[in-house]
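> Before I ask anything, here is the structure I am working with.
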Amino acid sequence: MIFHSLGKYILLLKAVFRRPEKWNIYRREIFKEMDSIGVGSLGIIAIISVFLGAVTTVQTAFQLVSDLIPKSVIGSIVRDSSILELSPTISAIVLAGKVGSSVASQIGTMRVTEQIDALEIMGINSPGYLILPKIIGAVTTIPLLVIISIGLSIAGGYLAGTASGATTSQDFITGLTTDFIPFTFTVSMVKAVIFAFIITSVSAYQGFYTDGGALEVGQSSTRAVVISCIMILFADYVIAQLLL
Amino acid sequence: MIKIHDINKTFGENHVLKGISAEFRDGVCNLIIGGSGSGKTTLLKCMVGLHEPEIGSVVYDGRDFTRMKFEERIDIRKEIGMLFQGSALFDSMTVEENIMFPLNMFTEQHRKEKLERVNFCLERVNLEGKNKLLPAELSGGMKKRVGIARSIAMNPKYLFVDEPNSGLDPKTSIVIDELIQEITEEYNTTTIVVTHDMNSVMGIGENIIFLHQGEKWWEGSNKEIAHTDNKELNDFVFASKFMAAAKIKL
């Protein structure tokens with residue numbers, strides 16, 4: 001069963017990357033998707049990022065019971081946690097819920113209302129027209145969202161740390177600027193691109209092969225979120241193992 | 001002309017189409033009729049390539065569609081227009097964008113020319129000025145008419161229509177039937193209509209194929225259908241008291 005699904009997924013991707021009928025129409029769709037996925041998710045990503053940074057600061061401060069460890073460590077931990085894990089992975093999981101369910105239900109609804117059949121009849125490569133712009137839109141905007149998320153997470157950590165007295169502004173900034181390894185940022189971007197691909201392609205696959213009616217569209221949407229989340233966490237582990 | 005030969009289609013254990021062969025003529029409404037589950041829509045989908053038959057061929061004016069690859073089929077698909085049962089309008093697009101969509105995809109016309117074509121198609125289905133409405137703002141009958149307008153936007157040689165009257169009141173059904181017949185005669189299209197609406201059968205059925213349990217059971221015209229002694233066909237066509245009474249008069 002799993003190999004059958006994997007085979008179908010690979011064949012779908014093969015159709016997705018077939019040469020587009022008309023590039024200017026695809027380009028318009030790509031910009032639409034960039035707006036929908038990128039700009040449309042900015043609010044939720046901003047909110048969760050600020051709180052992720054704040055919580056990391058407060059909990060790190062709580063665990064620093066020894067006077068031998070300088071308070072500046074909090075800044076370093078918030079920075080590295082945000083860059084390596086919190087911003088790419090938690091953002092991706094939130095986006096799997098927001099973007100993934102939307103992609104699956106949108107394509108699933110098109111399937112059950114014969115809109116995809118209508119595209120096929122016209123001679124349009126429906127996987128390419130429907131899915132490729134979503135993948136490109138996500139792969140280009142989600143890394144940008146992750147960069148914004150990193151910045152806001154660190155800012156949230158700074159605000160929470162200084163406001164609660166867990167650390168001073170000076171200590172936090174010292175920690176933030178000490179022993180920074182630029183490669184962690186590269187790892188974060190690799191994660192963002194791969195997670196973006198997983199969210200859109202897995203969700204599109206679930207939507208594209210929806211069979212039935214409104215109930216099945218809902219089920220596809222749920223399955224898209226669940227499978228995307230599992231795949232994101234699996235890919236997170238593989239990337240960490242390979243790159244760090 | 002479209003010729004189908006020995007079409008067989010199965011879904012798992014279910015043998016839905018059993019060796020169906022037929023010819024669909026140009027410039028007339030060819031009807032495929034039959035009860036629910038008889039295989040009408042499956043046959044239509046096999047003909048347009050939405051389903052692949054296991055055995056058999058579909059030949060469009062000498063071109064064997066079933067043997068072609070995806071890319072090779074595009075030329076024939078550009079000549080096909082199809083009205084779906086639920087209209088299948090793209091719900092994120094306005095009426096104008098729906099009709100313009102195939103023109104955008106497959107022609108190099110300027111926007112002005114495309115708009116002229118859209119307005120012509122809308123006028124043809126009596127929906128002038130409805131360009132900016134979304135499908136959600138249209139009634140069932142209007143959706144069908146927009147579906148027809150979209151399907152004729154590219155001047156199709158072959159027009160496929162799946163249950164054009166489902167969910168419509170009798171008066172609107174007649175309007176849709178007449179529109180299909182007018183377009184067929186006007187553009188000399190090979191029109192294939194899947195229906196189980198008896199008004200359509202009697203009104204526009206110049207060439208009718210009756211399917212029963214996945215097999216072609218009868219073939220003829222609407223003039224012949226009233227005088228056939230085929231039991232299954234009679235049971236299907238004259239199932240209602242109204243039609244049975246009409247048969248006596250015929």
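Residue numbering restarts at 1 for every chain of the structure tokens, chains are lettered A, B, ... in their displayed order, and ligands are numbered from 1 as they appear.
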Residues near Phe180 (chain A), anyone? I mean within 10 Å using only C-alpha atoms, not counting same-chain ones fewer than 4 positions away, as a VMD selection string.
chain A and resid 76 79 to 80 175 to 176 184 to 185
> Would you mind listing what lies within 12 Å of Asn119 (chain B) as an MDAnalysis selection string, with only C-alpha atoms counted and same-chain residues fewer than 5 positions away left out?
chainID B and resid 95:97 99:100 112:114 124:132 146 149:150 153
> So which bits of region 100-212 of chain A end up alpha helix (DSSP H) when you DSSP the backbone, as a ChimeraX atom specification?
/A:101-112,115-121,126-164,169-177,183-208
> What does the distance from CA of Val146 (chain A) to CA of Thr222 (chain A) come to in Å, to one decimal?
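We find that CA of Val146 (chain A) and CA of Thr222 (chain A) lie 24.0 Å from each other.
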> Name all residues at most 6 Å from region 90-99 of chain A (count only C-alpha atoms; drop same-chain ones fewer than 6 positions away) and give them as a list in words.
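Everything that qualifies: Ile199, Val225 and Cys229 of chain A.
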